[in-house]
Amino acid sequence: MNEYDSNRILDLFKKIGYTQTENISETSCYVLNTCHIREKATDKVYDDVGRLKKKFRNKKKPILLVTGCVAQAEGEEMLKRESYIDGVFGPQSYHKIPKIMNKIEIEKRRVNSTEFDVIEKFDSLNLIKTKDSKTSSFLTIQEGCDKFCNFCVVPYTRGPEYSRSNHEIISEAKQLIDGGTKEITLLGQNVNAYNSKNFLLSDLICELNEMSGLERIRYTTSHPKDMTDDLIGAYKNCQKLMPLVHLPVQSGSSKILKLMNRKHNINDYFGTVKKLKDKNSSIKFSSDFIIGYPGETDEDFNLTLALLDKVDFINSYSFVFSPRPGTPASKLKIIDEKIAKKRLMIFQRKSDEIVKNYRQKLLDKKVEVLFENSLNKKEGEYFGRDKYANAVIVKNDQDLTGKIYDVKVTNFNQNTLFGEISL
């Protein structure tokens, strides 16, 4: 979602006469788009500011803006702490960039814009055409979350759930496809809660499925509670919907899930997995895990390990619990850091082994790859992803960008498949 937001922020800057530069030393305006999910994100902001100050010590200072969820959560504090920052604006306020820049450039004022204006935001963005389409593009359809998991800062930094109208989304999708997009990933903090006047995510997928020129549909991030039967049915009825389901579970212990206020237990989760597999046997899963959540015992942790055996996740994203200020979980007693880190190491070793075994089985098999870009045109290296979002790299003499080919897998590592195609 931050990548999507960054692209739209760039669209807004272009509208007021700015161009993008890859050369930091030539920068007249520097924008940091931030995430607040983990503690280190805030530290990185000040590290980046420090590097920028050093870079421009003997030059004219660039305008420095901080946006995203760190700005939303800590905007006033950031302006007090770091005088080098000219403005902060939250993820629901970046449509105000022209006004913000006017205040900074003309009125010489520092700006804090962190209101929740999500409807006004999308109304404004709908007037700006998306010109820079990629082979694989993101499209935000929903923002915010009403689940209030005890560990999560999203409801406080992104606000309540809001769904864009299906007409706006289809219009933007057409712009992307006209610009060369072959794959669209629908985005939302709780994307499968999408509901615009009873037009659901499944309805949106089915409509996109009929659009000429679009080859693949994905969505992220979903909540198990909102994996409804109509959405599950889309995996049978919509051939362009890719068979990878990212379904964050967080823990294999129902006790811990209750402490997290996740609103589902582990049996619910297994039931959803079974329903999906019944509709489409080729479906595979990826998930998120929080290790060392307050109250987690060895037994709870072992249940999470057991979950890995029951659902062969082809990707698992795992982190030690990180208390976020203002959330209910931030007030809980955290478990010993050494224990938490040891559990994470055990978990990741096991999940990595599962991924390795999965990739091993792909050797000498063919996977269907949509090629997104050239890594090195001189060397003829091209990057793409298969239906399960596995990164694939091949060497070829012809330009593969935007095309779909079967690739025979010849090698792999933990993150990438390597292969060859015959044109």
# chains A, B, ... in the order shown; residues from 1 in each chain; ligands from 1
$ select_by_dssp --residues "range 133-210 of chain A" --states "alpha helix (DSSP H)" --output "ChimeraX atom specification"
/A:154-157,166-178,201-209
$ write_last_selection --atoms "C-alpha atoms" --output "PDB file, in the first residue's frame"
ATOM      1  CA  VAL A 154      -3.579   0.453  11.860  1.00  0.00           C
ATOM      2  CA  PRO A 155      -7.020   1.562  13.186  1.00  0.00           C
ATOM      3  CA  TYR A 156      -5.283   4.517  14.849  1.00  0.00           C
ATOM      4  CA  THR A 157      -3.108   5.552  11.892  1.00  0.00           C
ATOM      5  CA  ASN A 166     -16.583  -0.025  -7.571  1.00  0.00           C
ATOM      6  CA  HIS A 167     -16.978   2.537 -10.384  1.00  0.00           C
ATOM      7  CA  GLU A 168     -13.871   4.430  -9.219  1.00  0.00           C
ATOM      8  CA  ILE A 169     -11.882   1.209  -8.959  1.00  0.00           C
ATOM      9  CA  ILE A 170     -12.932  -0.119 -12.363  1.00  0.00           C
ATOM     10  CA  SER A 171     -12.103   3.252 -13.925  1.00  0.00           C
ATOM     11  CA  GLU A 172      -8.624   3.235 -12.408  1.00  0.00           C
ATOM     12  CA  ALA A 173      -8.149  -0.404 -13.408  1.00  0.00           C
ATOM     13  CA  LYS A 174      -8.979   0.492 -17.028  1.00  0.00           C
ATOM     14  CA  GLN A 175      -6.377   3.276 -16.924  1.00  0.00           C
ATOM     15  CA  LEU A 176      -3.781   0.809 -15.672  1.00  0.00           C
ATOM     16  CA  ILE A 177      -4.654  -1.824 -18.289  1.00  0.00           C
ATOM     17  CA  ASP A 178      -4.613   0.783 -21.082  1.00  0.00           C
ATOM     18  CA  LEU A 201     -14.631  -8.022  -3.143  1.00  0.00           C
ATOM     19  CA  SER A 202     -15.881 -11.150  -4.917  1.00  0.00           C
ATOM     20  CA  ASP A 203     -18.069  -8.971  -7.181  1.00  0.00           C
ATOM     21  CA  LEU A 204     -15.111  -6.734  -7.945  1.00  0.00           C
ATOM     22  CA  ILE A 205     -12.891  -9.704  -8.793  1.00  0.00           C
ATOM     23  CA  CYS A 206     -15.545 -11.157 -11.103  1.00  0.00           C
ATOM     24  CA  GLU A 207     -15.877  -7.822 -12.922  1.00  0.00           C
ATOM     25  CA  LEU A 208     -12.114  -7.489 -13.320  1.00  0.00           C
ATOM     26  CA  ASN A 209     -11.992 -11.104 -14.482  1.00  0.00           C
TER      27      ASN A 209
END
$ residues_around --residues "range 401-416 of chain A" --least-positions-apart "2" --cutoff "6 Å" --atoms "only C-alpha atoms" --output "PDB file with C-alpha atoms, in the first residue's frame"
ATOM      1  CA  THR A 135       3.235  -4.789 -15.919  1.00  0.00           C
ATOM      2  CA  LEU A 363      12.944 -28.441  -9.996  1.00  0.00           C
ATOM      3  CA  ASP A 364      12.576 -29.538 -13.629  1.00  0.00           C
ATOM      4  CA  LYS A 365       8.876 -28.563 -13.485  1.00  0.00           C
ATOM      5  CA  LYS A 366       7.299 -25.811 -15.594  1.00  0.00           C
ATOM      6  CA  VAL A 367       5.800 -22.716 -13.965  1.00  0.00           C
ATOM      7  CA  GLU A 368       3.807 -20.013 -15.755  1.00  0.00           C
ATOM      8  CA  VAL A 369       5.586 -16.673 -15.367  1.00  0.00           C
ATOM      9  CA  LEU A 370       4.458 -13.109 -16.056  1.00  0.00           C
ATOM     10  CA  PHE A 371       7.643 -11.113 -16.686  1.00  0.00           C
ATOM     11  CA  GLU A 372       7.605  -7.676 -15.070  1.00  0.00           C
ATOM     12  CA  ASN A 373      10.926  -6.076 -15.990  1.00  0.00           C
ATOM     13  CA  ALA A 391      10.133 -14.583  -7.932  1.00  0.00           C
ATOM     14  CA  VAL A 392      11.584 -16.069 -11.127  1.00  0.00           C
ATOM     15  CA  ASP A 399      12.578  -8.753 -24.391  1.00  0.00           C
ATOM     16  CA  PHE A 418      15.864 -19.663 -11.733  1.00  0.00           C
ATOM     17  CA  GLY A 419      14.886 -21.171 -15.037  1.00  0.00           C
ATOM     18  CA  GLU A 420      14.894 -21.198 -18.792  1.00  0.00           C
ATOM     19  CA  ILE A 421      12.336 -20.857 -21.565  1.00  0.00           C
TER      20      ILE A 421
END
$ closest_atom_pairs --of "range 78-192 of chain A" --to "range 314-322 of chain A" --cutoff "12 Å" --atoms "only C-alpha atoms" --output "Markdown table"
| residue | atom | partner | partner_atom | distance |
| --- | --- | --- | --- | --- |
| A:Asn150 | CA | A:Phe321 | CA | 11.6 |
| A:Phe151 | CA | A:Ser322 | CA | 8.1 |
| A:Cys152 | CA | A:Ser322 | CA | 9.7 |
| A:Val153 | CA | A:Ser322 | CA | 10.9 |
$ write_last_selection --atoms "C-alpha atoms" --output "compact mmCIF listing (two decimals), in the first residue's frame"
# COMPACT_ATOMS: atom_id res chain seq x y z
CA ASN A 150 -4.82 -5.61 20.38
CA PHE A 151 -1.34 -5.46 18.87
CA CYS A 152 -2.15 -3.41 15.78
CA VAL A 153 -1.73 0.32 15.22
$ select_by_dssp --residues "range 172-217 of chain A" --states "strand (DSSP E)" --output "list in words"
Glu183, Ile184, Thr185, Leu186, Leu187, Asn195, Ser196, Phe199, Leu200, Arg216 and Ile217 of chain A
$ write_last_selection --atoms "C-alpha atoms" --output "tab-separated table (two decimals), in the first residue's frame"
chain	number	residue	atom	x	y	z
A	183	GLU	CA	-1.64	-7.94	-13.31
A	184	ILE	CA	-3.51	-5.96	-10.66
A	185	THR	CA	-3.11	-6.47	-6.93
A	186	LEU	CA	-6.07	-5.06	-5.00
A	187	LEU	CA	-4.96	-3.46	-1.75
A	195	ASN	CA	-18.09	-3.47	0.71
A	196	SER	CA	-19.34	-0.58	-1.39
A	199	PHE	CA	-20.76	-4.63	-3.92
A	200	LEU	CA	-18.22	-7.03	-2.42
A	216	ARG	CA	-3.94	-11.82	-13.35
A	217	ILE	CA	-5.72	-10.64	-10.20
$ closest_residue --among "A:Thr304, A:Ser287, A:Ser282, A:Ser28" --to "Leu257 in chain A" --atoms "only C-alpha atoms"
A:Thr304
$ residues_around --residues "Arg349 in chain A" --least-positions-apart "5" --cutoff "12 Å" --atoms "only C-alpha atoms" --output "number ranges by chain"
A: 305, 308, 316, 318, 342-344, 354-356, 414
$ write_last_selection --atoms "C-alpha atoms" --output "PDB file, in the first residue's frame"
ATOM      1  CA  LEU A 305       4.869 -24.889  15.031  1.00  0.00           C
ATOM      2  CA  LEU A 308       3.177 -25.130   9.957  1.00  0.00           C
ATOM      3  CA  SER A 316       5.735 -17.236   6.191  1.00  0.00           C
ATOM      4  CA  SER A 318       7.345 -13.822  11.097  1.00  0.00           C
ATOM      5  CA  LYS A 342      14.970 -18.193  20.369  1.00  0.00           C
ATOM      6  CA  ARG A 343      11.385 -19.120  19.444  1.00  0.00           C
ATOM      7  CA  LEU A 344      11.577 -16.929  16.353  1.00  0.00           C
ATOM      8  CA  ILE A 354       9.137 -26.089   4.401  1.00  0.00           C
ATOM      9  CA  VAL A 355       9.789 -23.452   1.726  1.00  0.00           C
ATOM     10  CA  LYS A 356      12.982 -25.231   0.661  1.00  0.00           C
ATOM     11  CA  GLN A 414      15.324 -19.241  -0.486  1.00  0.00           C
TER      12      GLN A 414
END
$ closest_residue --among "A:Met1, A:Ile283, A:Leu214, A:Ala193" --to "Tyr235 in chain A" --atoms "only C-alpha atoms"
A:Ile283
$ closest_residue --among "A:Cys149, A:Thr228, A:Ile290, A:Gln189" --to "Pro328 in chain A" --atoms "only C-alpha atoms"
A:Cys149
$ atom_distance --atom1 "CA of Asp226 in chain A" --atom2 "CA of Asn192 in chain A"
5.8 Å
$ residues_around --residues "Leu65 in chain A" --least-positions-apart "4" --cutoff "12 Å" --atoms "only C-alpha atoms" --output "NGL selection string"
:A and (9 or 28-34 or 45 or 48-49 or 52 or 70-71 or 75 or 78-79 or 82-90 or 94 or 97 or 100-101 or 104 or 110-113)
$ write_last_selection --atoms "C-alpha atoms" --output "PDB file, in the first residue's frame"
ATOM      1  CA  ILE A   9       2.125  11.204  -4.201  1.00  0.00           C
ATOM      2  CA  SER A  28      14.798  20.258  -3.887  1.00  0.00           C
ATOM      3  CA  CYS A  29      12.037  18.339  -2.072  1.00  0.00           C
ATOM      4  CA  TYR A  30      12.536  15.076  -0.209  1.00  0.00           C
ATOM      5  CA  VAL A  31       9.560  12.931   0.866  1.00  0.00           C
ATOM      6  CA  LEU A  32       9.781  10.082   3.368  1.00  0.00           C
ATOM      7  CA  ASN A  33       6.813   7.720   3.173  1.00  0.00           C
ATOM      8  CA  THR A  34       6.713   5.680   6.366  1.00  0.00           C
ATOM      9  CA  VAL A  45      12.946   8.269   9.902  1.00  0.00           C
ATOM     10  CA  ASP A  48      17.251   9.277   7.199  1.00  0.00           C
ATOM     11  CA  VAL A  49      16.835  12.878   8.357  1.00  0.00           C
ATOM     12  CA  LEU A  52      19.996  14.171   4.617  1.00  0.00           C
ATOM     13  CA  VAL A  70       4.609   7.393  11.412  1.00  0.00           C
ATOM     14  CA  ALA A  71       3.640  10.937  10.456  1.00  0.00           C
ATOM     15  CA  GLY A  75       3.507  14.163  13.566  1.00  0.00           C
ATOM     16  CA  MET A  78       8.366  14.938  14.980  1.00  0.00           C
ATOM     17  CA  LEU A  79       7.995  18.639  14.258  1.00  0.00           C
ATOM     18  CA  GLU A  82      13.433  17.772  14.408  1.00  0.00           C
ATOM     19  CA  SER A  83      13.442  21.338  13.075  1.00  0.00           C
ATOM     20  CA  TYR A  84      14.784  20.101   9.721  1.00  0.00           C
ATOM     21  CA  ILE A  85      11.330  18.639   8.936  1.00  0.00           C
ATOM     22  CA  ASP A  86       9.131  21.158   7.111  1.00  0.00           C
ATOM     23  CA  GLY A  87       5.881  19.226   7.123  1.00  0.00           C
ATOM     24  CA  VAL A  88       4.122  16.044   8.141  1.00  0.00           C
ATOM     25  CA  PHE A  89       0.969  14.650   6.577  1.00  0.00           C
ATOM     26  CA  GLY A  90      -0.865  11.410   7.237  1.00  0.00           C
ATOM     27  CA  TYR A  94      -1.605  13.396   0.898  1.00  0.00           C
ATOM     28  CA  ILE A  97       0.108  18.182  -1.215  1.00  0.00           C
ATOM     29  CA  ILE A 100       0.865  21.895   1.849  1.00  0.00           C
ATOM     30  CA  MET A 101       3.628  22.880  -0.568  1.00  0.00           C
ATOM     31  CA  ILE A 104       5.797  25.800   2.939  1.00  0.00           C
ATOM     32  CA  ARG A 110       5.765  24.344   8.803  1.00  0.00           C
ATOM     33  CA  VAL A 111       2.729  22.099   8.313  1.00  0.00           C
ATOM     34  CA  ASN A 112       1.014  19.321  10.263  1.00  0.00           C
ATOM     35  CA  SER A 113      -1.811  17.751   8.241  1.00  0.00           C
TER      36      SER A 113
END
$ residues_around --residues "Ile266 in chain A" --least-positions-apart "4" --cutoff "10 Å" --atoms "only C-alpha atoms" --output "PyMOL selection string"
chain A and resi 249+251-257+270-272+303-304+307
$ write_last_selection --atoms "C-alpha atoms" --output "PDB file, in the first residue's frame"
ATOM      1  CA  VAL A 249      -3.123 -16.246  11.202  1.00  0.00           C
ATOM      2  CA  SER A 251      -0.606 -17.707  16.052  1.00  0.00           C
ATOM      3  CA  GLY A 252      -1.501 -21.395  16.127  1.00  0.00           C
ATOM      4  CA  SER A 253      -2.943 -21.082  19.635  1.00  0.00           C
ATOM      5  CA  SER A 254      -6.615 -20.169  20.086  1.00  0.00           C
ATOM      6  CA  LYS A 255      -5.733 -18.816  23.527  1.00  0.00           C
ATOM      7  CA  ILE A 256      -3.251 -16.370  22.047  1.00  0.00           C
ATOM      8  CA  LEU A 257      -5.630 -15.461  19.218  1.00  0.00           C
ATOM      9  CA  PHE A 270      -8.544 -24.619   9.485  1.00  0.00           C
ATOM     10  CA  GLY A 271     -12.165 -24.568   8.323  1.00  0.00           C
ATOM     11  CA  THR A 272     -11.472 -21.671   5.969  1.00  0.00           C
ATOM     12  CA  LEU A 303       0.835 -25.141  18.593  1.00  0.00           C
ATOM     13  CA  THR A 304       2.130 -22.502  16.163  1.00  0.00           C
ATOM     14  CA  LEU A 307       0.245 -25.226  12.382  1.00  0.00           C
TER      15      LEU A 307
END
$ atom_distance --atom1 "CA of Asp312 in chain A" --atom2 "CA of Lys284 in chain A"
7.7 Å
